[in-house]
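Chemist: The file below is my_file_17.txt, compact mmCIF, C-alpha atoms:
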# COMPACT_ATOMS: atom_id res chain seq x y z
CA MET A 1 0.00 0.00 0.00
CA ALA A 2 1.42 3.36 -0.99
CA THR A 3 1.62 6.08 1.61
CA SER A 4 1.57 9.81 1.12
CA ASP A 5 4.25 12.11 2.50
CA ASN A 6 1.95 12.93 5.47
CA GLU A 7 1.46 9.27 6.46
CA ARG A 8 3.94 7.05 8.17
CA VAL A 9 3.72 3.39 8.97
CA ILE A 10 3.90 2.56 12.67
CA ARG A 11 4.73 -0.99 13.60
CA GLY A 12 3.04 -2.20 16.77
CA SER A 13 4.70 -4.26 19.47
CA GLY A 14 2.13 -7.04 19.16
CA ASP A 15 0.49 -5.93 22.42
CA PHE A 16 -2.29 -3.50 21.56
CA LEU A 17 -2.89 -2.39 25.15
CA LYS A 18 0.82 -1.70 25.67
CA ASP A 19 0.88 0.27 22.44
CA MET A 20 -2.13 2.26 23.70
CA GLY A 21 -0.09 3.35 26.72
CA TYR A 22 -1.53 1.20 29.52
CA ASP A 23 1.01 0.81 32.32
CA ASN A 24 -0.05 -2.76 33.05
CA PRO A 25 -1.60 -4.28 29.92
CA ASP A 26 -2.05 -7.72 31.53
CA GLU A 27 -4.14 -6.23 34.34
CA MET A 28 -6.18 -4.22 31.85
CA ARG A 29 -6.86 -7.37 29.81
CA ILE A 30 -8.33 -8.96 32.94
CA LYS A 31 -10.36 -5.84 33.73
CA PHE A 32 -11.75 -5.61 30.20
CA ALA A 33 -12.65 -9.30 30.20
CA LEU A 34 -14.42 -9.02 33.57
CA ALA A 35 -16.27 -5.88 32.43
CA ASN A 36 -17.39 -7.72 29.31
CA ILE A 37 -18.68 -10.67 31.35
CA ILE A 38 -20.53 -8.20 33.60
CA ALA A 39 -22.15 -6.53 30.59
CA LEU A 40 -23.18 -9.88 29.10
CA THR A 41 -24.53 -11.10 32.45
CA ILE A 42 -26.61 -7.95 32.92
CA GLU A 43 -28.00 -8.42 29.42
CA ASP A 44 -28.69 -12.14 29.96
CA LEU A 45 -30.50 -11.40 33.23
CA GLY A 46 -32.52 -8.64 31.59
CA LEU A 47 -31.56 -6.16 34.31
CA LYS A 48 -31.38 -2.40 34.11
CA GLN A 49 -28.27 -0.63 35.36
CA VAL A 50 -30.29 0.91 38.21
CA GLU A 51 -31.25 -2.59 39.36
CA VAL A 52 -27.62 -3.73 39.16
CA ALA A 53 -26.58 -0.70 41.20
CA LYS A 54 -29.00 -1.73 43.96
CA LEU A 55 -27.71 -5.31 43.90
CA THR A 56 -24.07 -4.28 44.06
CA GLY A 57 -24.16 -1.17 46.19
CA LEU A 58 -22.46 0.83 43.45
CA ALA A 59 -23.80 3.97 41.81
CA GLN A 60 -25.60 3.52 38.49
CA SER A 61 -22.94 5.73 36.90
CA ASP A 62 -20.26 3.26 38.07
CA ILE A 63 -22.20 0.38 36.51
CA SER A 64 -22.49 2.38 33.28
CA ARG A 65 -18.73 2.95 33.17
CA ILE A 66 -18.05 -0.74 33.80
CA VAL A 67 -20.50 -1.85 31.10
CA ASN A 68 -18.85 0.59 28.69
CA GLY A 69 -15.37 -0.75 29.47
CA ILE A 70 -14.13 2.32 31.34
CA VAL A 71 -12.36 0.32 34.02
CA LYS A 72 -8.84 1.71 34.30
CA ASP A 73 -9.52 2.99 37.84
CA VAL A 74 -11.70 0.05 38.96
CA ALA A 75 -10.07 -2.64 41.09
CA VAL A 76 -10.15 -6.22 39.82
CA PHE A 77 -11.65 -7.29 43.15
CA ARG A 78 -14.51 -4.80 42.72
CA LEU A 79 -15.27 -6.23 39.28
CA MET A 80 -15.26 -9.74 40.74
CA SER A 81 -17.59 -8.56 43.52
CA VAL A 82 -20.03 -7.19 40.95
CA LEU A 83 -20.07 -10.57 39.22
CA ALA A 84 -20.66 -12.34 42.53
CA SER A 85 -23.57 -9.98 43.22
CA LEU A 86 -24.98 -11.00 39.83
CA GLY A 87 -24.90 -14.68 40.79
CA LYS A 88 -21.55 -15.68 39.34
CA ASP A 89 -18.98 -17.73 41.22
CA ILE A 90 -15.39 -16.53 41.02
CA SER A 91 -12.59 -19.06 41.40
CA ILE A 92 -8.88 -18.32 41.68
CA THR A 93 -6.54 -21.25 41.12
CA VAL A 94 -2.78 -21.26 41.61
CA ALA A 95 -0.81 -24.08 39.98
CA ASP A 96 2.77 -24.87 39.06
CA SER A 97 3.73 -23.47 35.67
CA THR A 98 5.20 -25.56 32.88
CA SER A 99 7.39 -22.60 31.86
CA LYS A 100 9.99 -20.48 33.65
CA HIS A 101 7.49 -17.69 34.24
CA GLY A 102 3.87 -18.37 35.08
CA SER A 103 0.95 -16.66 33.43
CA ILE A 104 -2.26 -15.01 34.53
CA LEU A 105 -5.36 -16.29 32.78
CA LEU A 106 -9.05 -15.55 32.94
CA GLN A 107 -11.32 -18.37 31.91
CA ALA A 108 -15.05 -17.83 31.77
CA VAL A 109 -17.10 -20.99 31.92
CA GLU A 110 -20.49 -21.01 30.27
CA PRO A 111 -23.18 -22.50 32.48
CA GLU A 112 -24.39 -25.91 31.43
CA PRO A 113 -27.95 -26.05 30.15
CA SER A 114 -30.50 -27.18 32.64
CA HIS A 115 -31.44 -30.83 32.25
CA ALA A 116 -34.50 -30.63 34.41
CA ILE A 117 -37.13 -33.21 33.59
CA THR A 118 -40.63 -31.86 33.46
CA PRO A 119 -43.58 -34.17 34.01
Can you present the structure in this file as structure tokens?

Modeler:
Amino acid sequence: MATSDNERVIRGSGDFLKDMGYDNPDEMRIKFALANIIALTIEDLGLKQVEVAKLTGLAQSDISRIVNGIVKDVAVFRLMSVLASLGKDISITVADSTSKHGSILLQAVEPEPSHAITP
């Protein structure tokens, strides 16, 4: 692709969040993932942000920021607490790593469909 004199090609590092200037891109990845799960859970439950605010003890404006991914100043534990208030279990597992340095992962597990038998 040809570029004009006013354009320059910038090669990224391969880490978008780092390139965007986040001090701790790994933490932000976790925050964004948790915020996304919160937004999807609110939608799945058919709740309004005002209702979520009452459930969590947060202001509706805080819920709005979380749902919109504005979570730089929100603690990971607070995001996990919101999920717990919405009926989600949070599990933290520590295990030996197969590499020299361990990794931090977030794994969301979809609930299994109900197999209730109706008469």

Chemist: So that I can see what lies close to Gln49 (chain A), please list as a list in words the residues with an atom at most 9 Å from it, counting all atoms listed in the file and leaving out residues fewer than 6 positions away in the same chain.

Modeler: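 The filter keeps Ile42, Gln60, Ser61, Ile63, Ser64 and Val67 of chain A.
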
Chemist: Grab the CA of Val71 (chain A) to CA of Leu34 (chain A) distance for me, in Å with one decimal place.

Modeler: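 Separation between CA of Val71 (chain A) and CA of Leu34 (chain A): 9.6 Å.
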
Chemist: Kindly give the distance, in Å, that separates CA of Ile70 (chain A) and CA of Ile92 (chain A), rounded to a single decimal.

Modeler: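 Atom-to-atom, CA of Ile70 (chain A) to CA of Ile92 (chain A), that is 23.7 Å.
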
Chemist: Using CA of Asp96 (chain A) and CA of Ala33 (chain A) as the two end points, give the distance in Å to one decimal.

Modeler: 23.6 Å

Chemist: First collect every listed atom of region 90-102 of chain A; then fit an axis-aligned box around them, widen it by 5 Å on each side, and give centre and edge lengths in Å to one decimal, as AutoDock Vina command-line options.

Modeler:
--center_x -2.7 --center_y -21.0 --center_z 36.8 --size_x 35.4 --size_y 19.0 --size_z 19.8

Chemist: Got a sec: who's within 7 Å of region 74-89 of chain A, counting only C-alpha atoms, leaving out chain neighbours fewer than 5 positions off, as a list in words?

Modeler: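 With the cut-off at 7 Å, the set is Lys31, Leu34, Ala35, Ile38, Leu55 and Thr56 of chain A.
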
Chemist: Which is closest to Arg65 (chain A) among A:Ile30, A:Leu47, A:Ala53, A:Leu105, if we use only C-alpha atoms?

Modeler: A:Ala53
